[in-house]
Protein chains: 2
Amino acid sequence: MNRIEALQRVLFLKALPQDTLAEIGSLGRDRVLSAGEVLFLEKDPCLGLLVVLRGAVKVCRIDSRGMEFIFGIEKPGASIGDLALFDGGNYPASAFAALDETCVLIVPPPAFARLTQKYPAIATGAIRSLAVEQRRMIEMLKASTLQSVRARIAAYLLQRAEKDSIFALTETNTTIGSHIGTVREVVSRTLHLLEDEGMVRLEGRTVIICDRVALQSVADGR
Amino acid sequence: MNRIEALQRVLFLKALPQDTLAEIGSLGRDRVLSAGEVLFLEKDPCLGLLVVLRGAVKVCRIDSRGMEFIFGIEKPGASIGDLALFDGGNYPASAFAALDETCVLIVPPPAFARLTQKYPAIATGAIRSLAVEQRRMIEMLKASTLQSVRARIAAYLLQRAEKDSIFALTETNTTIGSHIGTVREVVSRTLHLLEDEGMVRLEGRTVIICDRVALQSVADGR
DNA sequence: TGCGGACGATGACTAAAGTCACGGAATTCC
DNA sequence: GGAATTCCGTGACTTTAGTCATCGTCCGCA
């Protein structure tokens with residue numbers, strides 16, 4: 001994805017005209033990472049505006065015992081670490097390239113600060129963007145405190161399925177576990193449990209949703 | 001607390017001069033609630049700028065089985081429901097008066113929208129405010145997914161204690177449970193467990209922190 | 001002064017989730 | 001084609017947390 005296309009998708013920049021986006025793009029440099037490489041670590045100072053151009057970036061937190069919790073996997077056209085960008089603080093999580101040949105546009109903080117001066121529309125966009133993020137966070141918080149693993153897996157499947165009732169699990173069970181805050185074995189067991197109950201069918205890594213309604217009711221906690 | 005004093009403490013307004021705050025105050029009306037009365041419910045549309053003037057407001061979410069999770073208890077000088085205020089969406093949680101004679105300043109959305117037009121500094125403040133909120137949320141998320149109840153109680157005690165090593169638990173075990181996502185019995189047991197381990201001493205509702213270091217290490221997950 | 005309500009403590013039990021250990025299928029890489 | 005690696009599935013077990021029931025204390029109030 002080229003710079004302009006990517007910048008157009010960033011929630012707090014999309015309102016800006018094409019040539020302004022070109023200007024923003026020209027202020028940054030690209031960084032290419034291979035799978036697993038660190039983009040930034042928790043507590044690092046802000047690198048500036050970061051936009052994924054190619055590949056994917058995993059944003060996560062790792063606790064003292066090595067257990068990982070994934071906040072999101074960002075695809076081309078997504079910005080990363082907005083929070084630090086807007087408040088100037090350090091990163092609350094870490095980010096790693098999830099694929100080889102992952103490419104990220106980096107506009108350093110001083111340049112970005114000048115942009116926000118020059119284009120006040122960025123501030124409006126920033127508010128919207130932070131608000132969206134925060135609502136997502138609240139949902140995650142709700143899920144993790146008052147929903148069972150079963151409910152979280154059901155929700156994960158429904159979100160993955162979107163319109164189609166048949167789709168492939170692209171992530172490993174370990175990764176799914178990191179998304180919803182549990183471990184591989186529990187993911188495996190729960191998936192098969194849902195199959196036993198007739199809500200889904202599993203054929204290898206292909207999932208067929210048989211009873212969307214039932215699955216939905218499991219997802220929102222019985 | 002009078003209107004100006006309260007508005008001065010609101011994170012996204014404090015940068016404004018006194019007379020602007022007076023203007024903002026003059027655009028709102030007060031609402032007085034008795035303990036337990038509803039200010040707004042989850043999914044309600046935005047009421048506008050809300051600032052606690054007297055008493056306290058509990059912001060929480062209640063799941064289908066009646067289990068409550070407290071996001072915060074807001075004191076005079078705090079604003080409530082900022083997220084909905086800034087993005088125009090509905091409330092992600094509910095709010096109730098926690099005390100009798102609780103008083104809230106309400107500036108309706110259209111009036112507040114005019115203010116943001118007139119004073120662009122509000123937008124800057126909004127960003128800071130949302131960022132602070134979001135960092136708090138990330139901490140809560142981390143705590144609830146990768147920390148045990150034991151760790152969360154230890155963190156709660158340390159936060160309550162601040163500098164003093166001796167203090168009173170003002171909240172009931174049930175309320176403490178709602179803060180950290182568990183129930184009254186578990187709070188009680190865990191508190192006594194920490195006592196058995198010699199990190200704190202309990203005398204009625206008075207807590208004495210004996211081993212701050214150990215407690216801190218429990219709080220950040222062993 | 002004695003009754004009721006709110007709250008805390010605690011034992012016993014159940015349920016849910018995490019850990020450990022193993023086996024086997026699929027994939028990649030010499 | 002075989003070794004190494006990665007991943008899935010599962011049984012058995014442990015740990016942690018939540019539920020239920022009961023009791024005692026404190027406090028307010030009629």
# chains A, B, ... in the order shown; residues from 1 in each chain; ligands from 1
>>> residues_around(residues="DC29 in chain C", least_positions_apart="6", cutoff="12 Å", atoms="only C-alpha atoms (C1' of nucleotides)", output="list in words")
DG1, DG2, DA3, DA4 and DT5 of chain D
>>> interface_residues(of="chain A", to="chain D", cutoff="10 Å", atoms="only C-alpha atoms (C1' of nucleotides)", output="list in words")
Thr172, Asn173, Thr174, Arg184, Glu185, Ser188, Arg189, His192, Gly204 and Arg205 of chain A
>>> interface_residues(of="chain B", to="chain A", cutoff="8 Å", atoms="only C-alpha atoms", output="PyMOL selection string")
chain B and resi 63-64+67+83+86-87+92+123-124+126-128+130-131+134-135+137-138+140-141+144-146+181+221
>>> interface_residues(of="chain C", to="chain B", cutoff="8 Å", atoms="only C-alpha atoms (C1' of nucleotides)", output="count of residues only")
3
>>> select_by_dssp(residues="range 61-215 of chain A", states="strand (DSSP E or B)", output="PyMOL selection string")
chain A and resi 61-62+68-74+79-80+94-97+102-107+166-168+200-203+206-209
>>> closest_residue(among="A:Arg114, A:Arg150, A:Glu197, A:Ala98", to="Glu171 in chain A", atoms="only C-alpha atoms")
A:Ala98
>>> closest_residue(among="B:Lys58, B:Gln216, B:Leu191, B:Val149", to="Thr175 in chain B", atoms="only C-alpha atoms")
B:Lys58
>>> residues_around(residues="Arg160 in chain A", least_positions_apart="4", cutoff="12 Å", atoms="only C-alpha atoms (C1' of nucleotides)", output="ChimeraX atom specification")
/A:153-156,164-171,176,206-209
>>> select_by_dssp(residues="range 63-215 of chain A", states="alpha helix (DSSP H)", output="NGL selection string")
:A and (82-87 or 109-118 or 121-146 or 149-161 or 173-180 or 184-196 or 212-215)
>>> decode(residues="range 10-39 of chain A", atoms="N, CA and C atoms", output="PDB file, in the first residue's frame")
ATOM      1  N   VAL A  10      -6.240   6.206   7.913  1.00  0.00           N
ATOM      2  CA  VAL A  10      -6.034   6.497   9.328  1.00  0.00           C
ATOM      3  C   VAL A  10      -7.159   7.409   9.814  1.00  0.00           C
ATOM      4  N   LEU A  11      -7.802   6.974  10.863  1.00  0.00           N
ATOM      5  CA  LEU A  11      -9.024   7.632  11.320  1.00  0.00           C
ATOM      6  C   LEU A  11      -8.859   9.129  11.558  1.00  0.00           C
ATOM      7  N   PHE A  12      -7.721   9.523  12.105  1.00  0.00           N
ATOM      8  CA  PHE A  12      -7.597  10.940  12.439  1.00  0.00           C
ATOM      9  C   PHE A  12      -6.969  11.774  11.327  1.00  0.00           C
ATOM     10  N   LEU A  13      -6.748  11.162  10.178  1.00  0.00           N
ATOM     11  CA  LEU A  13      -6.173  11.905   9.058  1.00  0.00           C
ATOM     12  C   LEU A  13      -7.096  11.905   7.842  1.00  0.00           C
ATOM     13  N   LYS A  14      -8.066  11.028   7.826  1.00  0.00           N
ATOM     14  CA  LYS A  14      -8.828  10.817   6.592  1.00  0.00           C
ATOM     15  C   LYS A  14      -9.590  12.051   6.131  1.00  0.00           C
ATOM     16  N   ALA A  15      -9.831  12.993   7.050  1.00  0.00           N
ATOM     17  CA  ALA A  15     -10.575  14.201   6.659  1.00  0.00           C
ATOM     18  C   ALA A  15      -9.704  15.182   5.874  1.00  0.00           C
ATOM     19  N   LEU A  16      -8.398  14.947   5.866  1.00  0.00           N
ATOM     20  CA  LEU A  16      -7.500  15.910   5.216  1.00  0.00           C
ATOM     21  C   LEU A  16      -7.448  15.684   3.707  1.00  0.00           C
ATOM     22  N   PRO A  17      -7.222  16.758   2.952  1.00  0.00           N
ATOM     23  CA  PRO A  17      -7.131  16.617   1.496  1.00  0.00           C
ATOM     24  C   PRO A  17      -5.874  15.845   1.085  1.00  0.00           C
ATOM     25  N   GLN A  18      -5.979  15.279  -0.077  1.00  0.00           N
ATOM     26  CA  GLN A  18      -4.929  14.449  -0.672  1.00  0.00           C
ATOM     27  C   GLN A  18      -3.517  15.069  -0.582  1.00  0.00           C
ATOM     28  N   ASP A  19      -3.411  16.342  -0.941  1.00  0.00           N
ATOM     29  CA  ASP A  19      -2.059  16.924  -0.994  1.00  0.00           C
ATOM     30  C   ASP A  19      -1.480  17.126   0.411  1.00  0.00           C
ATOM     31  N   THR A  20      -2.352  17.320   1.385  1.00  0.00           N
ATOM     32  CA  THR A  20      -1.862  17.403   2.759  1.00  0.00           C
ATOM     33  C   THR A  20      -1.311  16.044   3.191  1.00  0.00           C
ATOM     34  N   LEU A  21      -2.020  14.995   2.796  1.00  0.00           N
ATOM     35  CA  LEU A  21      -1.545  13.644   3.135  1.00  0.00           C
ATOM     36  C   LEU A  21      -0.197  13.382   2.478  1.00  0.00           C
ATOM     37  N   ALA A  22      -0.064  13.872   1.258  1.00  0.00           N
ATOM     38  CA  ALA A  22       1.215  13.717   0.560  1.00  0.00           C
ATOM     39  C   ALA A  22       2.314  14.418   1.348  1.00  0.00           C
ATOM     40  N   GLU A  23       1.992  15.595   1.844  1.00  0.00           N
ATOM     41  CA  GLU A  23       2.962  16.350   2.641  1.00  0.00           C
ATOM     42  C   GLU A  23       3.363  15.558   3.886  1.00  0.00           C
ATOM     43  N   ILE A  24       2.345  15.022   4.560  1.00  0.00           N
ATOM     44  CA  ILE A  24       2.626  14.232   5.769  1.00  0.00           C
ATOM     45  C   ILE A  24       3.526  13.052   5.421  1.00  0.00           C
ATOM     46  N   GLY A  25       3.178  12.368   4.332  1.00  0.00           N
ATOM     47  CA  GLY A  25       3.960  11.214   3.911  1.00  0.00           C
ATOM     48  C   GLY A  25       5.409  11.596   3.650  1.00  0.00           C
ATOM     49  N   SER A  26       5.602  12.769   3.095  1.00  0.00           N
ATOM     50  CA  SER A  26       6.954  13.175   2.715  1.00  0.00           C
ATOM     51  C   SER A  26       7.830  13.503   3.936  1.00  0.00           C
ATOM     52  N   LEU A  27       7.178  13.705   5.084  1.00  0.00           N
ATOM     53  CA  LEU A  27       7.943  14.041   6.284  1.00  0.00           C
ATOM     54  C   LEU A  27       8.467  12.804   7.003  1.00  0.00           C
ATOM     55  N   GLY A  28       8.017  11.664   6.544  1.00  0.00           N
ATOM     56  CA  GLY A  28       8.397  10.440   7.258  1.00  0.00           C
ATOM     57  C   GLY A  28       9.356   9.590   6.461  1.00  0.00           C
ATOM     58  N   ARG A  29       9.861   8.574   7.127  1.00  0.00           N
ATOM     59  CA  ARG A  29      10.706   7.591   6.454  1.00  0.00           C
ATOM     60  C   ARG A  29      10.068   6.222   6.679  1.00  0.00           C
ATOM     61  N   ASP A  30      10.449   5.260   5.861  1.00  0.00           N
ATOM     62  CA  ASP A  30       9.922   3.908   6.015  1.00  0.00           C
ATOM     63  C   ASP A  30      10.878   3.090   6.855  1.00  0.00           C
ATOM     64  N   ARG A  31      10.316   2.172   7.605  1.00  0.00           N
ATOM     65  CA  ARG A  31      11.183   1.199   8.246  1.00  0.00           C
ATOM     66  C   ARG A  31      10.643  -0.185   7.917  1.00  0.00           C
ATOM     67  N   VAL A  32      11.535  -1.063   7.492  1.00  0.00           N
ATOM     68  CA  VAL A  32      11.124  -2.417   7.128  1.00  0.00           C
ATOM     69  C   VAL A  32      11.577  -3.368   8.225  1.00  0.00           C
ATOM     70  N   LEU A  33      10.673  -4.239   8.646  1.00  0.00           N
ATOM     71  CA  LEU A  33      11.005  -5.178   9.727  1.00  0.00           C
ATOM     72  C   LEU A  33      10.727  -6.604   9.280  1.00  0.00           C
ATOM     73  N   SER A  34      11.470  -7.521   9.852  1.00  0.00           N
ATOM     74  CA  SER A  34      11.149  -8.927   9.588  1.00  0.00           C
ATOM     75  C   SER A  34      10.326  -9.468  10.753  1.00  0.00           C
ATOM     76  N   ALA A  35       9.670 -10.591  10.521  1.00  0.00           N
ATOM     77  CA  ALA A  35       8.734 -11.141  11.507  1.00  0.00           C
ATOM     78  C   ALA A  35       9.365 -11.257  12.886  1.00  0.00           C
ATOM     79  N   GLY A  36       8.670 -10.756  13.884  1.00  0.00           N
ATOM     80  CA  GLY A  36       9.154 -10.865  15.248  1.00  0.00           C
ATOM     81  C   GLY A  36       9.996  -9.699  15.704  1.00  0.00           C
ATOM     82  N   GLU A  37      10.428  -8.885  14.763  1.00  0.00           N
ATOM     83  CA  GLU A  37      11.285  -7.757  15.124  1.00  0.00           C
ATOM     84  C   GLU A  37      10.503  -6.715  15.925  1.00  0.00           C
ATOM     85  N   VAL A  38      11.207  -6.070  16.847  1.00  0.00           N
ATOM     86  CA  VAL A  38      10.571  -5.089  17.722  1.00  0.00           C
ATOM     87  C   VAL A  38      10.409  -3.747  17.014  1.00  0.00           C
ATOM     88  N   LEU A  39       9.208  -3.194  17.081  1.00  0.00           N
ATOM     89  CA  LEU A  39       9.017  -1.819  16.603  1.00  0.00           C
ATOM     90  C   LEU A  39       9.202  -0.883  17.797  1.00  0.00           C
TER      91      LEU A  39
END
